[in-house]
$ cat my_file_25.cif   # mmCIF, C-alpha atoms
data_model
loop_
_atom_site.label_atom_id
_atom_site.label_comp_id
_atom_site.auth_asym_id
_atom_site.auth_seq_id
_atom_site.Cartn_x
_atom_site.Cartn_y
_atom_site.Cartn_z
CA MET A 1 110.00 85.51 85.35
CA SER A 2 109.97 83.41 88.49
CA GLU A 3 107.16 80.92 89.03
CA HIS A 4 107.75 80.85 92.77
CA ILE A 5 104.70 81.57 94.88
CA THR A 6 104.25 81.39 98.64
CA ASP A 7 101.60 78.91 99.81
CA THR A 8 99.98 80.11 103.03
CA SER A 9 97.40 77.32 103.19
CA TYR A 10 99.49 75.72 105.99
CA GLN A 11 97.82 78.23 108.32
CA LYS A 12 94.54 76.31 108.11
CA LYS A 13 95.92 73.21 109.83
CA ARG A 14 93.89 72.08 112.81
CA PHE A 15 95.50 70.45 115.85
CA SER A 16 94.08 68.04 118.37
CA LYS A 17 94.62 68.96 122.01
CA ASP A 18 97.73 66.80 122.28
CA GLU A 19 99.07 67.94 118.91
CA LEU A 20 98.59 71.58 119.88
CA LEU A 21 100.54 71.13 123.11
CA LYS A 22 103.41 69.47 121.26
CA HIS A 23 103.36 72.23 118.63
CA MET A 24 103.35 75.04 121.18
CA GLU A 25 106.27 73.53 123.07
CA SER A 26 108.38 72.98 119.96
CA PHE A 27 107.54 75.91 117.65
CA SER A 28 108.78 79.46 118.12
CA LEU A 29 107.90 82.37 115.87
CA ASP A 30 110.69 83.63 113.62
CA LEU A 31 110.35 87.40 113.92
CA LYS A 32 111.25 88.42 110.39
CA LEU A 33 110.85 92.15 110.91
CA SER A 34 109.91 94.34 107.98
CA VAL A 35 109.88 98.14 107.72
CA GLY A 36 107.97 100.52 105.45
CA ILE A 37 110.14 103.02 103.63
CA TRP A 38 107.28 105.56 103.56
CA TYR A 39 107.64 106.52 107.24
CA PHE A 40 111.39 107.08 107.23
CA ALA A 41 110.68 110.83 106.87
CA PRO A 42 107.06 111.35 107.98
CA GLY A 43 105.27 114.11 106.10
CA GLY A 44 102.90 116.65 107.59
CA GLY A 45 99.27 115.95 108.30
CA ARG A 46 96.07 117.91 107.97
CA PHE A 47 96.99 120.24 110.79
CA HIS A 48 100.76 120.60 110.87
CA GLU A 49 103.82 120.70 108.69
CA ALA A 50 106.36 117.88 108.61
CA TYR A 51 108.66 117.94 111.62
CA VAL A 52 111.64 116.40 109.81
CA PRO A 53 113.23 117.11 106.42
CA ASP A 54 112.24 114.89 103.53
CA LYS A 55 114.63 112.15 102.46
CA SER A 56 115.41 110.84 98.99
CA ILE A 57 114.96 107.15 98.24
CA PRO A 58 118.75 106.54 98.27
CA GLU A 59 118.95 108.27 101.65
CA ARG A 60 116.09 106.17 103.00
CA ILE A 61 117.66 102.94 101.78
CA GLU A 62 120.89 103.95 103.50
CA MET A 63 118.85 104.42 106.70
CA ALA A 64 117.34 100.95 106.24
CA ALA A 65 120.80 99.40 106.06
CA ASP A 66 121.48 100.57 109.61
CA MET A 67 118.34 98.80 110.85
CA ALA A 68 119.70 95.31 110.21
CA LYS A 69 121.22 95.45 113.71
CA PHE A 70 117.68 95.52 115.12
CA GLY A 71 116.71 92.32 113.32
CA VAL A 72 115.11 93.93 110.27
CA LYS A 73 114.99 91.40 107.43
CA ALA A 74 112.81 93.12 104.84
CA ILE A 75 111.51 96.42 103.53
CA GLU A 76 108.19 97.43 101.96
CA ALA A 77 107.55 100.22 99.44
CA HIS A 78 104.92 101.79 97.19
CA TYR A 79 105.15 101.37 93.43
CA PRO A 80 106.23 103.42 91.51
CA ILE A 81 106.89 106.36 93.86
CA GLU A 82 109.25 104.53 96.24
CA VAL A 83 110.33 101.51 94.23
CA ASN A 84 110.35 101.05 90.46
CA GLU A 85 112.36 99.58 87.61
CA GLU A 86 114.78 102.52 87.62
CA ASN A 87 115.74 102.40 91.30
CA TRP A 88 115.45 98.63 91.79
CA HIS A 89 119.24 98.38 91.79
CA LEU A 90 119.31 100.30 95.07
CA TYR A 91 117.18 97.64 96.75
CA GLN A 92 119.36 94.93 95.22
CA GLN A 93 122.41 96.62 96.71
CA LEU A 94 120.67 96.83 100.08
CA GLU A 95 120.03 93.09 99.99
CA LYS A 96 123.60 92.36 98.92
CA GLU A 97 125.10 94.45 101.71
CA THR A 98 122.73 93.67 104.58
CA GLY A 99 120.47 90.74 103.62
CA ILE A 100 117.40 93.03 103.84
CA VAL A 101 115.07 92.08 100.99
CA LEU A 102 112.22 93.96 99.37
CA GLN A 103 109.33 91.75 100.45
CA SER A 104 106.34 93.60 98.98
CA ALA A 105 105.19 96.48 96.78
CA TYR A 106 101.93 98.39 96.90
CA PRO A 107 100.40 100.43 94.06
CA ALA A 108 100.36 104.13 94.93
CA ILE A 109 96.70 104.69 94.04
CA PHE A 110 95.39 106.64 97.02
CA TYR A 111 97.19 110.00 97.07
CA PRO A 112 96.98 111.56 93.55
CA LYS A 113 94.13 114.00 92.96
CA GLU A 114 92.81 111.83 90.11
CA TYR A 115 91.49 109.45 92.77
CA GLU A 116 89.30 112.01 94.50
CA PHE A 117 86.34 109.67 93.97
CA GLY A 118 88.20 106.38 94.41
CA SER A 119 90.81 104.37 92.58
CA LEU A 120 89.78 100.86 91.54
CA SER A 121 86.15 101.56 92.43
CA ASN A 122 86.01 104.97 90.75
CA PRO A 123 82.84 105.31 88.63
CA ILE A 124 84.77 107.51 86.15
CA ASP A 125 86.36 105.09 83.68
CA LYS A 126 89.54 107.01 82.85
CA TYR A 127 90.59 107.27 86.50
CA ARG A 128 89.69 103.69 87.34
CA LYS A 129 91.64 102.43 84.31
CA LYS A 130 94.67 104.50 85.32
CA ALA A 131 94.59 102.97 88.80
CA MET A 132 94.18 99.51 87.32
CA GLN A 133 97.21 100.01 85.05
CA THR A 134 99.30 101.01 88.08
CA LEU A 135 98.14 97.82 89.80
CA VAL A 136 99.04 95.73 86.74
CA ASP A 137 102.50 97.30 86.59
CA CYS A 138 102.95 96.71 90.34
CA LEU A 139 101.92 93.06 90.03
CA ARG A 140 104.29 92.59 87.11
CA PHE A 141 107.11 94.17 89.10
CA ALA A 142 106.37 91.93 92.07
CA LYS A 143 106.42 88.84 89.87
CA GLU A 144 109.59 89.75 87.98
CA LYS A 145 111.48 90.61 91.17
CA ASN A 146 110.15 87.55 93.03
CA LEU A 147 108.61 89.55 95.88
CA HIS A 148 106.63 87.83 98.59
CA HIS A 149 103.43 89.63 97.58
CA ALA A 150 101.85 92.76 96.21
CA GLY A 151 99.27 94.53 98.31
CA ILE A 152 96.45 97.04 98.12
CA TRP A 153 95.43 99.55 100.74
CA PRO A 154 92.14 100.91 99.35
CA GLY A 155 92.35 104.00 101.51
CA ILE A 156 90.69 106.38 99.07
CA ASP A 157 88.03 103.89 97.95
CA GLY A 158 84.71 104.04 99.72
CA TYR A 159 81.98 106.61 100.23
CA THR A 160 80.94 109.71 102.12
CA TYR A 161 77.16 109.40 102.30
CA SER A 162 75.28 106.17 102.85
CA LEU A 163 72.26 107.56 101.02
CA GLY A 164 72.84 107.38 97.30
CA THR A 165 75.85 105.06 97.36
CA MET A 166 75.56 102.23 94.84
CA PHE A 167 77.25 99.64 97.07
CA PHE A 168 76.96 96.69 94.66
CA ASP A 169 78.49 98.73 91.83
CA MET A 170 81.28 100.03 94.09
CA TRP A 171 82.29 96.52 95.12
CA ASP A 172 81.88 95.14 91.58
CA ARG A 173 84.18 97.77 90.08
CA PHE A 174 86.90 97.27 92.66
CA GLU A 175 86.80 93.47 92.70
CA GLY A 176 86.47 93.22 88.93
CA SER A 177 89.48 95.49 88.47
CA VAL A 178 91.65 93.46 90.84
CA ALA A 179 90.64 90.15 89.27
CA GLU A 180 91.30 91.46 85.76
CA ALA A 181 94.71 92.82 86.77
CA MET A 182 95.68 89.55 88.48
CA ASP A 183 94.57 87.58 85.43
CA GLU A 184 96.80 89.80 83.29
CA VAL A 185 99.74 89.02 85.60
CA PRO A 186 98.94 85.54 86.95
CA GLY A 187 100.69 83.74 89.75
CA VAL A 188 101.16 86.65 92.15
CA LEU A 189 99.85 86.96 95.70
CA CYS A 190 97.91 90.12 96.47
CA ALA A 191 96.99 91.26 99.98
CA ILE A 192 94.10 93.51 101.02
CA GLU A 193 94.55 95.86 104.00
CA PRO A 194 91.14 96.88 105.39
CA LYS A 195 90.48 100.07 107.34
CA PRO A 196 87.23 101.50 108.71
CA TYR A 197 87.80 105.12 107.62
CA GLU A 198 90.49 107.63 106.58
CA PRO A 199 91.07 109.10 104.13
CA ALA A 200 87.68 108.04 102.73
CA PRO A 201 85.05 108.84 105.37
CA ASN A 202 83.88 105.23 105.02
CA ASN A 203 86.39 102.85 103.44
CA ILE A 204 85.19 100.25 100.96
CA TYR A 205 86.31 97.34 103.20
CA ARG A 206 85.79 98.45 106.78
CA THR A 207 86.58 95.31 108.75
CA THR A 208 88.61 92.11 108.64
CA ALA A 209 85.49 90.18 107.67
CA ASP A 210 84.87 92.59 104.77
CA GLY A 211 88.40 91.98 103.52
CA LEU A 212 88.01 88.21 103.72
CA ILE A 213 84.75 88.36 101.78
CA ALA A 214 86.47 90.52 99.14
CA CYS A 215 89.27 87.93 98.83
CA LYS A 216 86.78 85.18 97.98
CA ASP A 217 84.76 87.38 95.66
CA ILE A 218 87.86 88.45 93.71
CA GLU A 219 89.13 84.87 93.36
CA GLU A 220 85.72 83.78 92.05
CA ARG A 221 86.05 86.32 89.23
CA MET A 222 89.41 85.01 88.00
CA LYS A 223 89.64 83.34 84.59
CA ASN A 224 93.36 82.90 83.86
CA LYS A 225 94.29 79.21 83.76
CA THR A 226 97.43 79.71 85.84
CA ASN A 227 95.44 81.35 88.60
CA LEU A 228 92.68 78.75 88.43
CA ASP A 229 95.23 75.93 88.66
CA LEU A 230 96.78 77.48 91.77
CA LEU A 231 93.37 77.96 93.35
CA SER A 232 92.43 74.37 92.57
CA LYS A 233 95.49 73.28 94.58
CA GLY A 234 94.19 75.21 97.58
CA ILE A 235 96.74 78.04 97.31
CA PRO A 236 95.11 81.38 98.20
CA LEU A 237 95.96 84.18 95.77
CA LEU A 238 94.09 86.90 97.64
CA GLY A 239 94.94 87.37 101.26
CA MET A 240 95.07 89.82 104.10
CA GLN A 241 97.54 92.32 105.48
CA PRO A 242 95.78 93.37 108.70
CA GLU A 243 97.15 96.23 110.75
CA ILE A 244 96.63 96.39 114.51
CA GLY A 245 95.72 100.08 114.32
CA HIS A 246 93.05 99.54 111.68
CA ILE A 247 91.63 96.58 113.58
CA ARG A 248 91.24 98.61 116.74
CA MET A 249 89.86 101.62 114.87
CA GLY A 250 87.01 99.30 113.91
CA PHE A 251 86.49 98.10 117.51
CA GLU A 252 87.59 94.57 116.57
CA ASP A 253 89.48 92.24 118.90
CA THR A 254 92.96 91.87 117.41
CA PRO A 255 93.70 88.14 118.03
CA TYR A 256 90.16 87.26 116.94
CA ALA A 257 90.59 89.16 113.66
CA ILE A 258 93.97 87.54 113.00
CA ALA A 259 92.55 84.08 113.72
CA ARG A 260 89.82 84.76 111.14
CA CYS A 261 92.51 85.31 108.50
CA LEU A 262 94.55 82.29 109.58
CA ARG A 263 91.52 79.99 109.48
CA GLN A 264 91.26 80.64 105.74
CA GLY A 265 95.02 80.47 105.16
CA ARG A 266 94.96 84.08 103.98
CA LEU A 267 97.38 85.87 106.32
CA PHE A 268 100.02 87.14 103.87
CA ASN A 269 101.58 89.77 106.10
CA THR A 270 101.04 91.48 109.46
CA HIS A 271 101.39 95.18 110.28
CA TRP A 272 102.30 96.05 113.85
CA ASN A 273 101.69 99.24 115.82
CA SER A 274 99.31 100.30 118.58
CA GLN A 275 96.14 102.34 118.65
CA PRO A 276 93.56 103.66 121.12
CA LEU A 277 90.23 101.89 120.64
CA GLY A 278 88.39 103.76 117.90
CA ASN A 279 89.97 107.21 117.42
CA TYR A 280 91.87 108.39 114.34
CA ASP A 281 94.69 106.33 112.85
CA GLN A 282 97.73 107.01 115.04
CA ASP A 283 100.34 104.38 114.05
CA LEU A 284 101.96 104.40 117.49
CA ASN A 285 104.85 102.13 118.37
CA ALA A 286 103.84 98.55 119.14
CA GLY A 287 103.03 97.91 122.78
CA VAL A 288 102.79 101.47 124.04
CA ILE A 289 99.00 101.09 124.14
CA GLU A 290 97.12 97.79 124.66
CA TRP A 291 100.16 95.56 125.13
CA GLN A 292 97.94 92.52 125.71
CA GLN A 293 96.22 92.90 122.33
CA ALA A 294 99.54 92.57 120.53
CA GLU A 295 100.81 89.79 122.80
CA ALA A 296 97.61 87.78 122.34
CA MET A 297 98.00 88.28 118.58
CA LEU A 298 101.49 86.75 118.77
CA PHE A 299 100.06 83.81 120.71
CA VAL A 300 97.49 83.18 117.95
CA LEU A 301 100.22 83.35 115.32
CA LYS A 302 102.30 80.84 117.29
CA MET A 303 99.34 78.45 117.47
CA ALA A 304 99.01 78.59 113.68
CA GLY A 305 102.73 78.21 112.99
CA TYR A 306 102.83 81.54 111.13
CA ARG A 307 105.94 81.83 108.91
CA GLU A 308 105.49 85.14 107.07
CA TYR A 309 106.67 88.67 107.95
CA PHE A 310 106.14 91.01 110.89
CA GLY A 311 105.80 94.44 109.33
CA ILE A 312 106.33 97.50 111.54
CA ASP A 313 103.86 100.14 110.31
CA ILE A 314 104.30 103.30 112.36
CA ASN A 315 104.39 107.09 112.05
CA PRO A 316 107.34 108.28 114.15
CA GLU A 317 106.70 112.01 113.79
CA ARG A 318 108.47 113.07 116.97
CA MET A 319 111.42 110.70 117.24
CA PRO A 320 114.15 109.42 114.93
CA VAL A 321 112.87 106.50 112.88
CA GLU A 322 115.91 104.47 113.95
CA LYS A 323 114.90 104.87 117.60
CA ALA A 324 111.33 103.84 116.77
CA ILE A 325 112.49 100.67 115.00
CA GLU A 326 114.74 99.83 117.95
CA ILE A 327 111.75 100.20 120.29
CA ASN A 328 109.45 98.06 118.14
CA SER A 329 112.09 95.38 117.74
CA LEU A 330 112.64 95.26 121.50
CA VAL A 331 108.89 95.11 122.18
CA LEU A 332 108.15 92.33 119.69
CA ASN A 333 111.11 90.24 120.81
CA THR A 334 110.12 90.72 124.45
CA MET A 335 106.55 89.65 123.70
CA ASN A 336 107.80 86.64 121.78
CA GLU A 337 109.96 85.55 124.71
CA ARG A 338 107.02 86.01 127.08
CA ILE A 339 104.62 83.85 125.09
CA ASP A 340 107.29 81.17 124.63
CA SER A 341 107.60 80.97 128.42
CA LEU A 342 103.87 80.49 129.10
CA PRO A 343 102.63 77.25 130.73
CA PHE A 344 101.00 75.86 127.60
CA GLU A 345 99.65 72.71 129.19
CA LYS A 346 97.80 74.72 131.84
CA LEU A 347 96.45 77.16 129.25
CA ILE A 348 95.21 74.38 126.97
CA ASP A 349 93.66 72.45 129.87
CA ALA A 350 91.92 75.61 131.06
CA TYR A 351 90.28 76.00 127.65
CA TYR A 352 89.23 72.37 127.16
CA ASP A 353 88.14 71.83 130.78
CA PRO A 354 86.94 75.22 132.05
CA GLU A 355 84.87 73.71 134.90
CA SER A 356 87.99 72.33 136.56
CA ASN A 357 90.16 75.35 135.84
CA ARG A 358 88.17 78.35 137.01
CA GLY A 359 90.42 81.39 137.23
CA GLU A 360 93.49 79.61 135.85
CA ILE A 361 93.88 81.80 132.77
CA GLU A 362 93.48 84.92 134.89
CA MET A 363 96.10 83.60 137.31
CA ILE A 364 98.50 82.90 134.45
CA LEU A 365 98.00 86.45 133.18
CA ALA A 366 98.54 87.84 136.67
CA LYS A 367 101.77 85.89 137.15
CA THR A 368 103.17 87.08 133.81
CA MET A 369 102.91 90.63 135.14
CA GLU A 370 105.28 89.76 137.98
CA LYS A 371 108.18 89.41 135.55
#
$ encode --input "my_file_25.cif" --output "structure tokens"
Amino acid sequence: MSEHITDTSYQKKRFSKDELLKHMESFSLDLKLSVGIWYFAPGGGRFHEAYVPDKSIPERIEMAADMAKFGVKAIEAHYPIEVNEENWHLYQQLEKETGIVLQSAYPAIFYPKEYEFGSLSNPIDKYRKKAMQTLVDCLRFAKEKNLHHAGIWPGIDGYTYSLGTMFFDMWDRFEGSVAEAMDEVPGVLCAIEPKPYEPAPNNIYRTTADGLIACKDIEERMKNKTNLDLLSKGIPLLGMQPEIGHIRMGFEDTPYAIARCLRQGRLFNTHWNSQPLGNYDQDLNAGVIEWQQAEAMLFVLKMAGYREYFGIDINPERMPVEKAIEINSLVLNTMNERIDSLPFEKLIDAYYDPESNRGEIEMILAKTMEK
């Protein structure tokens, strides 16, 4: 088993005004694009059948190979339904032929009917233990295959009615299960992906702040010496995988939420799409709604020197997935070029000396729209 682990504590570095200017002028984000194999053949929803035929995992991996031309460097999958020990060789072949690596795996603990009342927070022991075993197996797989991280989307965990919900117990069960699983398989990064609602009417971790609190609470429960040694070195083991759509569903400001994660060195991965403020989870292509939210997020990542992945998390129901990836790649690269061309000295001066720079940021924004 590999002992390699990614240290994201570099994200916490603070810059003086002069240091920040030098950094912004010399550092450019490396857009390591990542795609999720789950949306290569989108299924139906509550109100309509699937619009495209289902695809097998080998067929989906073949589709991924064609996406290398759009700058895709990595793929993400759920364990064990999309990636497992038996089909791992397919992902190895993908990497050998295209350089596209499997960067992360997520336990599939939100869809099966056993998790009607939650997965890792389920008050019924047999279902919670089943979910926990899937998480343990996923963590072990991630460690053995040297993946960047494992991750948890607690979509089915949460509650329906505020009255009668034992909040402390709900959080204790979930966080205790994650800590126990990570102690059983030490030395693996695990990311939390918050969401306000869907499919649970109220998800267990509704906001970015909730996820960050959960990260600290889970780490405080750990007992394995390997994990404690890593934590003592300042290496975060629990981190965040925020998604633009989920952030905006919760009426949060995207760059603000991302900066919150960076400040704690806990940004393990980013998921890109676009979303009307509030509303149901739409997973639209990046930039088609609220372009400035995504562009400002890139600017915050540039300030922090972010080096991890840029995951495209979409639901292309009405267009070929290849076309959607081409669009998202074009949008993210265009945004990256735009922020690299900004007048950083003027922007930084406008922040540190607002009295002498009234309207300057607005003027900079206006001029960027001329291009």
$ resolve_selection --input "my_file_25.cif" --expression "the PyMOL selection byres ((chain A and resi 143) around 10)" --output "PDB file with C-alpha atoms, in the frame of the given file"
ATOM      1  CA  MET A   1     110.000  85.510  85.350  1.00  0.00           C
ATOM      2  CA  SER A   2     109.970  83.410  88.490  1.00  0.00           C
ATOM      3  CA  GLU A   3     107.160  80.920  89.030  1.00  0.00           C
ATOM      4  CA  HIS A   4     107.750  80.850  92.770  1.00  0.00           C
ATOM      5  CA  ILE A   5     104.700  81.570  94.880  1.00  0.00           C
ATOM      6  CA  ASP A 137     102.500  97.300  86.590  1.00  0.00           C
ATOM      7  CA  CYS A 138     102.950  96.710  90.340  1.00  0.00           C
ATOM      8  CA  LEU A 139     101.920  93.060  90.030  1.00  0.00           C
ATOM      9  CA  ARG A 140     104.290  92.590  87.110  1.00  0.00           C
ATOM     10  CA  PHE A 141     107.110  94.170  89.100  1.00  0.00           C
ATOM     11  CA  ALA A 142     106.370  91.930  92.070  1.00  0.00           C
ATOM     12  CA  GLU A 144     109.590  89.750  87.980  1.00  0.00           C
ATOM     13  CA  LYS A 145     111.480  90.610  91.170  1.00  0.00           C
ATOM     14  CA  ASN A 146     110.150  87.550  93.030  1.00  0.00           C
ATOM     15  CA  LEU A 147     108.610  89.550  95.880  1.00  0.00           C
ATOM     16  CA  HIS A 148     106.630  87.830  98.590  1.00  0.00           C
ATOM     17  CA  HIS A 149     103.430  89.630  97.580  1.00  0.00           C
ATOM     18  CA  ALA A 150     101.850  92.760  96.210  1.00  0.00           C
ATOM     19  CA  VAL A 185      99.740  89.020  85.600  1.00  0.00           C
ATOM     20  CA  PRO A 186      98.940  85.540  86.950  1.00  0.00           C
ATOM     21  CA  GLY A 187     100.690  83.740  89.750  1.00  0.00           C
ATOM     22  CA  VAL A 188     101.160  86.650  92.150  1.00  0.00           C
ATOM     23  CA  LEU A 189      99.850  86.960  95.700  1.00  0.00           C
TER      24      LEU A 189
END
$ residues_around --input "my_file_25.cif" --residues "Met24 (chain A)" --least-positions-apart "4" --cutoff "7 Å" --atoms "all atoms listed in the file" --output "ChimeraX atom specification"
/A:20,303,344
$ closest_residue --input "my_file_25.cif" --among "A:Leu90, A:Ala77, A:Val331, A:Ala131" --to "Ala294 (chain A)" --atoms "only C-alpha atoms"
A:Val331
$ residues_around --input "my_file_25.cif" --residues "Lys113 (chain A)" --least-positions-apart "4" --cutoff "12 Å" --atoms "all atoms listed in the file" --output "ChimeraX atom specification"
/A:108-109,117-119,127,131,156
$ write_last_selection --input "my_file_25.cif" --atoms "C-alpha atoms" --output "PDB file, in the frame of the given file"
ATOM      1  CA  ALA A 108     100.360 104.130  94.930  1.00  0.00           C
ATOM      2  CA  ILE A 109      96.700 104.690  94.040  1.00  0.00           C
ATOM      3  CA  PHE A 117      86.340 109.670  93.970  1.00  0.00           C
ATOM      4  CA  GLY A 118      88.200 106.380  94.410  1.00  0.00           C
ATOM      5  CA  SER A 119      90.810 104.370  92.580  1.00  0.00           C
ATOM      6  CA  TYR A 127      90.590 107.270  86.500  1.00  0.00           C
ATOM      7  CA  ALA A 131      94.590 102.970  88.800  1.00  0.00           C
ATOM      8  CA  ILE A 156      90.690 106.380  99.070  1.00  0.00           C
TER       9      ILE A 156
END
$ closest_residue --input "my_file_25.cif" --among "A:Ile258, A:Tyr351, A:Ile244, A:Asn269" --to "Glu290 (chain A)" --atoms "only C-alpha atoms"
A:Ile244
$ resolve_selection --input "my_file_25.cif" --expression "the PyMOL selection byres ((chain A and resi 99) around 10)" --output "PyMOL selection string"
chain A and resi 65+68+72-74+92-98+100-102
$ atom_distance --input "my_file_25.cif" --atom1 "CA of Arg358 (chain A)" --atom2 "CA of Phe299 (chain A)"
20.9 Å
$ closest_residue --input "my_file_25.cif" --among "A:Val288, A:Leu301, A:Ala191, A:Met132" --to "Phe174 (chain A)" --atoms "only C-alpha atoms"
A:Met132
$ resolve_selection --input "my_file_25.cif" --expression "the PyMOL selection byres ((chain A and resi 221) around 9)" --output "list in words"
Glu175, Gly176, Ala179, Glu180, Lys216, Asp217, Ile218, Glu219, Glu220, Met222 and Lys223 of chain A
$ closest_residue --input "my_file_25.cif" --among "A:Lys346, A:Lys225, A:Lys367, A:Arg263" --to "Leu21 (chain A)" --atoms "only C-alpha atoms"
A:Lys346
$ closest_residue --input "my_file_25.cif" --among "A:Pro196, A:Pro53, A:Gly305, A:Gly36" --to "Gly265 (chain A)" --atoms "all atoms listed in the file"
A:Gly305
$ residues_around --input "my_file_25.cif" --residues "Tyr256 (chain A)" --least-positions-apart "5" --cutoff "9 Å" --atoms "all atoms listed in the file" --output "number ranges by chain"
A: 261, 297, 300
$ closest_residue --input "my_file_25.cif" --among "A:Gly287, A:Gly158, A:Gly239, A:Gly311" --to "Gly71 (chain A)" --atoms "only C-alpha atoms"
A:Gly311
$ residues_around --input "my_file_25.cif" --residues "His271 (chain A)" --least-positions-apart "6" --cutoff "8 Å" --atoms "all atoms listed in the file" --output "ChimeraX atom specification"
/A:241-244,310-313
$ write_last_selection --input "my_file_25.cif" --atoms "C-alpha atoms" --output "short mmCIF file (atom, residue, chain, number, x, y, z; two decimals), in the coordinates of the input"
data_model
loop_
_atom_site.label_atom_id
_atom_site.label_comp_id
_atom_site.auth_asym_id
_atom_site.auth_seq_id
_atom_site.Cartn_x
_atom_site.Cartn_y
_atom_site.Cartn_z
CA GLN A 241 97.54 92.32 105.48
CA PRO A 242 95.78 93.37 108.70
CA GLU A 243 97.15 96.23 110.75
CA ILE A 244 96.63 96.39 114.51
CA PHE A 310 106.14 91.01 110.89
CA GLY A 311 105.80 94.44 109.33
CA ILE A 312 106.33 97.50 111.54
CA ASP A 313 103.86 100.14 110.31
#
$ decode --input "my_file_25.cif" --residues "region 273-289 of chain A" --atoms "N, CA and C atoms" --output "PDB file, in the first residue's frame"
ATOM      1  N   ASN A 273     -20.154  23.659 -12.170  1.00  0.00           N
ATOM      2  CA  ASN A 273     -21.363  23.683 -12.989  1.00  0.00           C
ATOM      3  C   ASN A 273     -21.975  25.065 -12.820  1.00  0.00           C
ATOM      4  N   SER A 274     -23.237  25.237 -13.114  1.00  0.00           N
ATOM      5  CA  SER A 274     -23.905  26.497 -12.799  1.00  0.00           C
ATOM      6  C   SER A 274     -25.330  26.206 -12.370  1.00  0.00           C
ATOM      7  N   GLN A 275     -25.937  27.192 -11.679  1.00  0.00           N
ATOM      8  CA  GLN A 275     -27.178  26.937 -10.966  1.00  0.00           C
ATOM      9  C   GLN A 275     -27.921  28.239 -10.704  1.00  0.00           C
ATOM     10  N   PRO A 276     -29.219  28.300 -10.991  1.00  0.00           N
ATOM     11  CA  PRO A 276     -29.990  29.467 -10.565  1.00  0.00           C
ATOM     12  C   PRO A 276     -29.972  29.564  -9.036  1.00  0.00           C
ATOM     13  N   LEU A 277     -29.968  30.762  -8.509  1.00  0.00           N
ATOM     14  CA  LEU A 277     -29.944  30.953  -7.063  1.00  0.00           C
ATOM     15  C   LEU A 277     -31.139  30.248  -6.437  1.00  0.00           C
ATOM     16  N   GLY A 278     -30.866  29.412  -5.409  1.00  0.00           N
ATOM     17  CA  GLY A 278     -31.923  28.586  -4.856  1.00  0.00           C
ATOM     18  C   GLY A 278     -32.290  27.515  -5.870  1.00  0.00           C
ATOM     19  N   ASN A 279     -33.589  27.210  -6.017  1.00  0.00           N
ATOM     20  CA  ASN A 279     -34.064  26.290  -7.035  1.00  0.00           C
ATOM     21  C   ASN A 279     -33.587  24.862  -6.765  1.00  0.00           C
ATOM     22  N   TYR A 280     -34.046  23.923  -7.565  1.00  0.00           N
ATOM     23  CA  TYR A 280     -33.619  22.529  -7.429  1.00  0.00           C
ATOM     24  C   TYR A 280     -32.251  22.353  -8.083  1.00  0.00           C
ATOM     25  N   ASP A 281     -31.594  21.256  -7.783  1.00  0.00           N
ATOM     26  CA  ASP A 281     -30.237  21.012  -8.268  1.00  0.00           C
ATOM     27  C   ASP A 281     -30.266  20.733  -9.769  1.00  0.00           C
ATOM     28  N   GLN A 282     -29.672  21.634 -10.564  1.00  0.00           N
ATOM     29  CA  GLN A 282     -29.789  21.507 -12.021  1.00  0.00           C
ATOM     30  C   GLN A 282     -28.524  21.019 -12.714  1.00  0.00           C
ATOM     31  N   ASP A 283     -27.358  21.220 -12.142  1.00  0.00           N
ATOM     32  CA  ASP A 283     -26.106  20.721 -12.741  1.00  0.00           C
ATOM     33  C   ASP A 283     -25.945  21.185 -14.186  1.00  0.00           C
ATOM     34  N   LEU A 284     -26.162  22.479 -14.418  1.00  0.00           N
ATOM     35  CA  LEU A 284     -25.997  23.041 -15.751  1.00  0.00           C
ATOM     36  C   LEU A 284     -24.516  23.233 -16.074  1.00  0.00           C
ATOM     37  N   ASN A 285     -24.218  23.375 -17.348  1.00  0.00           N
ATOM     38  CA  ASN A 285     -22.827  23.599 -17.750  1.00  0.00           C
ATOM     39  C   ASN A 285     -22.281  24.868 -17.099  1.00  0.00           C
ATOM     40  N   ALA A 286     -21.013  24.843 -16.766  1.00  0.00           N
ATOM     41  CA  ALA A 286     -20.368  25.988 -16.126  1.00  0.00           C
ATOM     42  C   ALA A 286     -20.504  27.223 -17.001  1.00  0.00           C
ATOM     43  N   GLY A 287     -20.843  28.339 -16.369  1.00  0.00           N
ATOM     44  CA  GLY A 287     -20.859  29.614 -17.058  1.00  0.00           C
ATOM     45  C   GLY A 287     -22.144  29.992 -17.745  1.00  0.00           C
ATOM     46  N   VAL A 288     -23.060  29.051 -17.955  1.00  0.00           N
ATOM     47  CA  VAL A 288     -24.279  29.415 -18.685  1.00  0.00           C
ATOM     48  C   VAL A 288     -25.202  30.278 -17.820  1.00  0.00           C
ATOM     49  N   ILE A 289     -25.052  30.177 -16.507  1.00  0.00           N
ATOM     50  CA  ILE A 289     -25.757  31.034 -15.559  1.00  0.00           C
ATOM     51  C   ILE A 289     -24.717  31.540 -14.555  1.00  0.00           C
TER      52      ILE A 289
END
